[in-house]
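Below: the structure, in structure tokens.
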Amino acid sequence: MNLLEKENLARTKAEELENASPEDIIRYAVETFPNITFACSFGAEDVVLVDMLQKVSPSTDVFYLDTDFHFKETYETRDLMKEKYNMDFVRVSPKITPEEQAAQHGEELWKSDPNACCNIRKVEPLTRILSKYDAWITGIRRDQAPTRANAKKVEYDTKFGLMKFNPIAHWTSEDVWDYIRANNVVYNPLHDQNYPSIGCEHCTRQVMPGEDPRAGRWSGNDKTECGLHK
Ligand code: SF4
């Protein structure tokens, strides 16, 4: 299938599946693309999708990008989920350690050049892992950020060259938390401490009442995305 055909297939399927349930979209995705993976950040949306995947297709690979800079609560959430679902997460690491990064690029690259830091610790590892798959599933939602407002349930991801499924693209934050409560899903306790969006410890702060939920990411910088999503 050439690029145009893949884009057309994604467009057609996105229209067909726009009103399908997240579970049905996951079912379609894993049946049509058995060589598929889910990218888990252990945020609220992603723990929901892990729970759904465990019910629909428990053998699907789930990976996380270990930047080496996650909060300890994020690693604890990973461990609790491993125990609860008796599953494992594929750990994807950057090519260089934090010490090597400091030696090569200077201390606190996340302050001097956060795009370079994200490229080393997130984008390159993501590109490497996704090259092994035909499709990936993500937990992005349209109302998280203007950059995500046009996310389709099915897209052809031209950046990484594979099919992309966003089964909860239409959900609100309330939908996510309703699912978490109804299904007793393990979640990152930082969400209860005014961290609606959780990334690396260096680049995430609590948000104040009335602030945008993603205001705590790269605060003080005009950066809004890691470079993982278009
Ligand atoms: S979020 Fe911050 S610390 Fe993490 S990779 Fe990006 S710039 Fe580096």
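Naming scheme: A, B, ... for chains in displayed order of the structure tokens; residues 1 onward per chain; ligands 1 onward as shown.
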
Would you mind listing the residues within 10 Å of ligand 1, counting only C-alpha atoms and all ligand atoms, as a PyMOL selection string?
-> chain A and resi 65-70+94+98+108-123+198-204+217-218+223-227

Please report, as a ChimeraX atom specification, each residue of range 51-118 of chain A to which DSSP assigns helix (DSSP H, G or I) when run on this structure's backbone.
-> /A:51-56,72-85,98-105,109-112,114-118

For each of A:Ser197, A:Asn150, A:Thr12, A:Gln144, take the minimum atom-to-atom distance to Thr172 in chain A, counting only C-alpha atoms, then give the residue where this is smallest.
->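 Using only C-alpha atoms, Thr172 in chain A sits closest to A:Gln144.
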
Any chance you could list, as a VMD selection string, the residues in range 3-141 of chain A that come up strand (DSSP E or B) when DSSP is run on the backbone?
-> chain A and resid 36 to 39 61 to 65 70 90 to 92 135 to 137

Which residues, written as a ChimeraX atom specification, have at least one atom at most 10 Å from Arg91 in chain A, with only C-alpha atoms counted and residues fewer than 2 positions away on the same chain left out?
-> /A:62-67,88-89,93,129

Spatial neighbours of Asn184 in chain A, 12 Å, only C-alpha atoms, chain gap at least 3 places, as a PDB file with all heavy atoms, in the first residue's frame:
ATOM      1  N   VAL A  47      -3.634   5.174  31.605  1.00  0.00           N
ATOM      2  CA  VAL A  47      -3.999   4.050  32.483  1.00  0.00           C
ATOM      3  C   VAL A  47      -5.381   3.512  32.099  1.00  0.00           C
ATOM      4  O   VAL A  47      -5.649   2.314  32.219  1.00  0.00           O
ATOM      5  CB  VAL A  47      -3.899   4.407  33.990  1.00  0.00           C
ATOM      6  CG1 VAL A  47      -2.458   4.737  34.365  1.00  0.00           C
ATOM      7  CG2 VAL A  47      -4.849   5.513  34.405  1.00  0.00           C
ATOM      8  N   VAL A  48      -6.250   4.396  31.608  1.00  0.00           N
ATOM      9  CA  VAL A  48      -7.562   3.949  31.105  1.00  0.00           C
ATOM     10  C   VAL A  48      -7.356   3.003  29.925  1.00  0.00           C
ATOM     11  O   VAL A  48      -7.958   1.928  29.843  1.00  0.00           O
ATOM     12  CB  VAL A  48      -8.416   5.163  30.669  1.00  0.00           C
ATOM     13  CG1 VAL A  48      -9.580   4.739  29.780  1.00  0.00           C
ATOM     14  CG2 VAL A  48      -8.933   5.917  31.887  1.00  0.00           C
ATOM     15  N   ASP A  51      -6.129  -0.372  30.880  1.00  0.00           N
ATOM     16  CA  ASP A  51      -7.230  -1.168  31.434  1.00  0.00           C
ATOM     17  C   ASP A  51      -8.101  -1.736  30.303  1.00  0.00           C
ATOM     18  O   ASP A  51      -8.451  -2.911  30.316  1.00  0.00           O
ATOM     19  CB  ASP A  51      -8.071  -0.287  32.373  1.00  0.00           C
ATOM     20  CG  ASP A  51      -9.066  -1.106  33.178  1.00  0.00           C
ATOM     21  OD1 ASP A  51      -8.643  -1.753  34.157  1.00  0.00           O
ATOM     22  OD2 ASP A  51     -10.256  -1.122  32.809  1.00  0.00           O
ATOM     23  N   MET A  81       0.638  -1.148  38.363  1.00  0.00           N
ATOM     24  CA  MET A  81      -0.100  -1.672  37.203  1.00  0.00           C
ATOM     25  C   MET A  81       0.444  -3.040  36.791  1.00  0.00           C
ATOM     26  O   MET A  81      -0.317  -3.947  36.444  1.00  0.00           O
ATOM     27  CB  MET A  81      -0.016  -0.685  36.034  1.00  0.00           C
ATOM     28  CG  MET A  81      -0.770   0.599  36.321  1.00  0.00           C
ATOM     29  SD  MET A  81      -0.564   1.806  35.017  1.00  0.00           S
ATOM     30  CE  MET A  81      -1.692   1.149  33.803  1.00  0.00           C
ATOM     31  N   LYS A  84      -1.072  -5.408  39.253  1.00  0.00           N
ATOM     32  CA  LYS A  84      -2.524  -5.568  39.109  1.00  0.00           C
ATOM     33  C   LYS A  84      -2.886  -6.418  37.892  1.00  0.00           C
ATOM     34  O   LYS A  84      -3.759  -7.272  37.956  1.00  0.00           O
ATOM     35  CB  LYS A  84      -3.193  -4.194  39.003  1.00  0.00           C
ATOM     36  CG  LYS A  84      -4.672  -4.288  38.657  1.00  0.00           C
ATOM     37  CD  LYS A  84      -5.401  -2.985  38.716  1.00  0.00           C
ATOM     38  CE  LYS A  84      -6.845  -3.209  38.243  1.00  0.00           C
ATOM     39  NZ  LYS A  84      -7.740  -2.138  38.526  1.00  0.00           N
ATOM     40  N   VAL A 176     -12.667  10.571  31.376  1.00  0.00           N
ATOM     41  CA  VAL A 176     -11.507   9.781  31.799  1.00  0.00           C
ATOM     42  C   VAL A 176     -11.646   9.408  33.277  1.00  0.00           C
ATOM     43  O   VAL A 176     -11.497   8.246  33.670  1.00  0.00           O
ATOM     44  CB  VAL A 176     -10.200  10.579  31.574  1.00  0.00           C
ATOM     45  CG1 VAL A 176      -9.003   9.862  32.188  1.00  0.00           C
ATOM     46  CG2 VAL A 176      -9.972  10.816  30.085  1.00  0.00           C
ATOM     47  N   TRP A 177     -11.979  10.422  34.086  1.00  0.00           N
ATOM     48  CA  TRP A 177     -12.063  10.164  35.538  1.00  0.00           C
ATOM     49  C   TRP A 177     -13.274   9.327  35.893  1.00  0.00           C
ATOM     50  O   TRP A 177     -13.222   8.529  36.833  1.00  0.00           O
ATOM     51  CB  TRP A 177     -12.000  11.485  36.314  1.00  0.00           C
ATOM     52  CG  TRP A 177     -10.577  11.959  36.282  1.00  0.00           C
ATOM     53  CD1 TRP A 177     -10.034  12.899  35.468  1.00  0.00           C
ATOM     54  CD2 TRP A 177      -9.488  11.387  37.020  1.00  0.00           C
ATOM     55  NE1 TRP A 177      -8.676  12.972  35.657  1.00  0.00           N
ATOM     56  CE2 TRP A 177      -8.317  12.062  36.606  1.00  0.00           C
ATOM     57  CE3 TRP A 177      -9.372  10.387  37.979  1.00  0.00           C
ATOM     58  CZ2 TRP A 177      -7.057  11.763  37.145  1.00  0.00           C
ATOM     59  CZ3 TRP A 177      -8.121  10.083  38.518  1.00  0.00           C
ATOM     60  CH2 TRP A 177      -6.991  10.776  38.098  1.00  0.00           C
ATOM     61  N   ASP A 178     -14.365   9.445  35.129  1.00  0.00           N
ATOM     62  CA  ASP A 178     -15.523   8.567  35.351  1.00  0.00           C
ATOM     63  C   ASP A 178     -15.110   7.109  35.122  1.00  0.00           C
ATOM     64  O   ASP A 178     -15.475   6.217  35.882  1.00  0.00           O
ATOM     65  CB  ASP A 178     -16.667   8.916  34.381  1.00  0.00           C
ATOM     66  CG  ASP A 178     -17.384  10.198  34.796  1.00  0.00           C
ATOM     67  OD1 ASP A 178     -17.143  10.690  35.917  1.00  0.00           O
ATOM     68  OD2 ASP A 178     -18.175  10.713  33.983  1.00  0.00           O
ATOM     69  N   TYR A 179     -14.336   6.887  34.042  1.00  0.00           N
ATOM     70  CA  TYR A 179     -13.906   5.506  33.741  1.00  0.00           C
ATOM     71  C   TYR A 179     -12.975   4.999  34.847  1.00  0.00           C
ATOM     72  O   TYR A 179     -13.106   3.862  35.310  1.00  0.00           O
ATOM     73  CB  TYR A 179     -13.190   5.454  32.384  1.00  0.00           C
ATOM     74  CG  TYR A 179     -12.816   4.035  31.985  1.00  0.00           C
ATOM     75  CD1 TYR A 179     -13.613   3.301  31.116  1.00  0.00           C
ATOM     76  CD2 TYR A 179     -11.673   3.412  32.505  1.00  0.00           C
ATOM     77  CE1 TYR A 179     -13.287   1.988  30.767  1.00  0.00           C
ATOM     78  CE2 TYR A 179     -11.344   2.101  32.178  1.00  0.00           C
ATOM     79  CZ  TYR A 179     -12.147   1.396  31.308  1.00  0.00           C
ATOM     80  OH  TYR A 179     -11.822   0.084  30.980  1.00  0.00           O
ATOM     81  N   ILE A 180     -12.055   5.840  35.279  1.00  0.00           N
ATOM     82  CA  ILE A 180     -11.092   5.423  36.308  1.00  0.00           C
ATOM     83  C   ILE A 180     -11.834   5.005  37.587  1.00  0.00           C
ATOM     84  O   ILE A 180     -11.561   3.957  38.174  1.00  0.00           O
ATOM     85  CB  ILE A 180     -10.077   6.562  36.595  1.00  0.00           C
ATOM     86  CG1 ILE A 180      -9.094   6.670  35.417  1.00  0.00           C
ATOM     87  CG2 ILE A 180      -9.322   6.332  37.910  1.00  0.00           C
ATOM     88  CD1 ILE A 180      -8.114   7.822  35.508  1.00  0.00           C
ATOM     89  N   ARG A 181     -12.806   5.817  37.979  1.00  0.00           N
ATOM     90  CA  ARG A 181     -13.550   5.505  39.211  1.00  0.00           C
ATOM     91  C   ARG A 181     -14.429   4.262  39.032  1.00  0.00           C
ATOM     92  O   ARG A 181     -14.450   3.378  39.887  1.00  0.00           O
ATOM     93  CB  ARG A 181     -14.397   6.707  39.632  1.00  0.00           C
ATOM     94  CG  ARG A 181     -13.554   7.798  40.322  1.00  0.00           C
ATOM     95  CD  ARG A 181     -14.433   8.907  40.871  1.00  0.00           C
ATOM     96  NE  ARG A 181     -14.930   9.764  39.798  1.00  0.00           N
ATOM     97  CZ  ARG A 181     -14.332  10.897  39.409  1.00  0.00           C
ATOM     98  NH1 ARG A 181     -13.256  11.335  40.019  1.00  0.00           N
ATOM     99  NH2 ARG A 181     -14.833  11.621  38.428  1.00  0.00           N
ATOM    100  N   TYR A 187      -4.028   4.809  39.264  1.00  0.00           N
ATOM    101  CA  TYR A 187      -3.599   6.042  38.598  1.00  0.00           C
ATOM    102  C   TYR A 187      -2.492   6.729  39.387  1.00  0.00           C
ATOM    103  O   TYR A 187      -2.266   6.441  40.560  1.00  0.00           O
ATOM    104  CB  TYR A 187      -4.785   6.986  38.352  1.00  0.00           C
ATOM    105  CG  TYR A 187      -5.450   7.540  39.595  1.00  0.00           C
ATOM    106  CD1 TYR A 187      -5.003   8.731  40.189  1.00  0.00           C
ATOM    107  CD2 TYR A 187      -6.524   6.892  40.185  1.00  0.00           C
ATOM    108  CE1 TYR A 187      -5.617   9.242  41.325  1.00  0.00           C
ATOM    109  CE2 TYR A 187      -7.138   7.398  41.328  1.00  0.00           C
ATOM    110  CZ  TYR A 187      -6.678   8.574  41.887  1.00  0.00           C
ATOM    111  OH  TYR A 187      -7.285   9.075  43.018  1.00  0.00           O
TER     112      TYR A 187
END

A:Gly106, A:Pro58, A:Pro189, A:Pro213 ranked by distance to Asp143 in chain A, top pick (using only C-alpha atoms) |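 Residue with the minimum atom-to-atom distance to Asp143 in chain A: A:Pro213.
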
Return the single residue from A:Leu9, A:Asp192, A:Ser59, A:Leu130 that is closest to Lys159 in chain A, with distances computed using only C-alpha atoms.
->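 Of the candidates, the smallest distance to Lys159 in chain A is held by A:Leu130.
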
Could you check how far CA of Tyr85 in chain A sits from CA of Gln206 in chain A, in Å to one decimal?
-> 29.3 Å

Tell me which of A:Tyr195, A:Pro209, A:Ala145, A:Met1 sits closest to Thr74 in chain A, counting only C-alpha atoms.
->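 Result for the nearest residue to Thr74 in chain A: A:Tyr195.
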
Pick the closest to Met163 in chain A from A:Ala215, A:Ala29, A:Ala102, A:Ala135: which is it, counting only C-alpha atoms?
-> A:Ala135
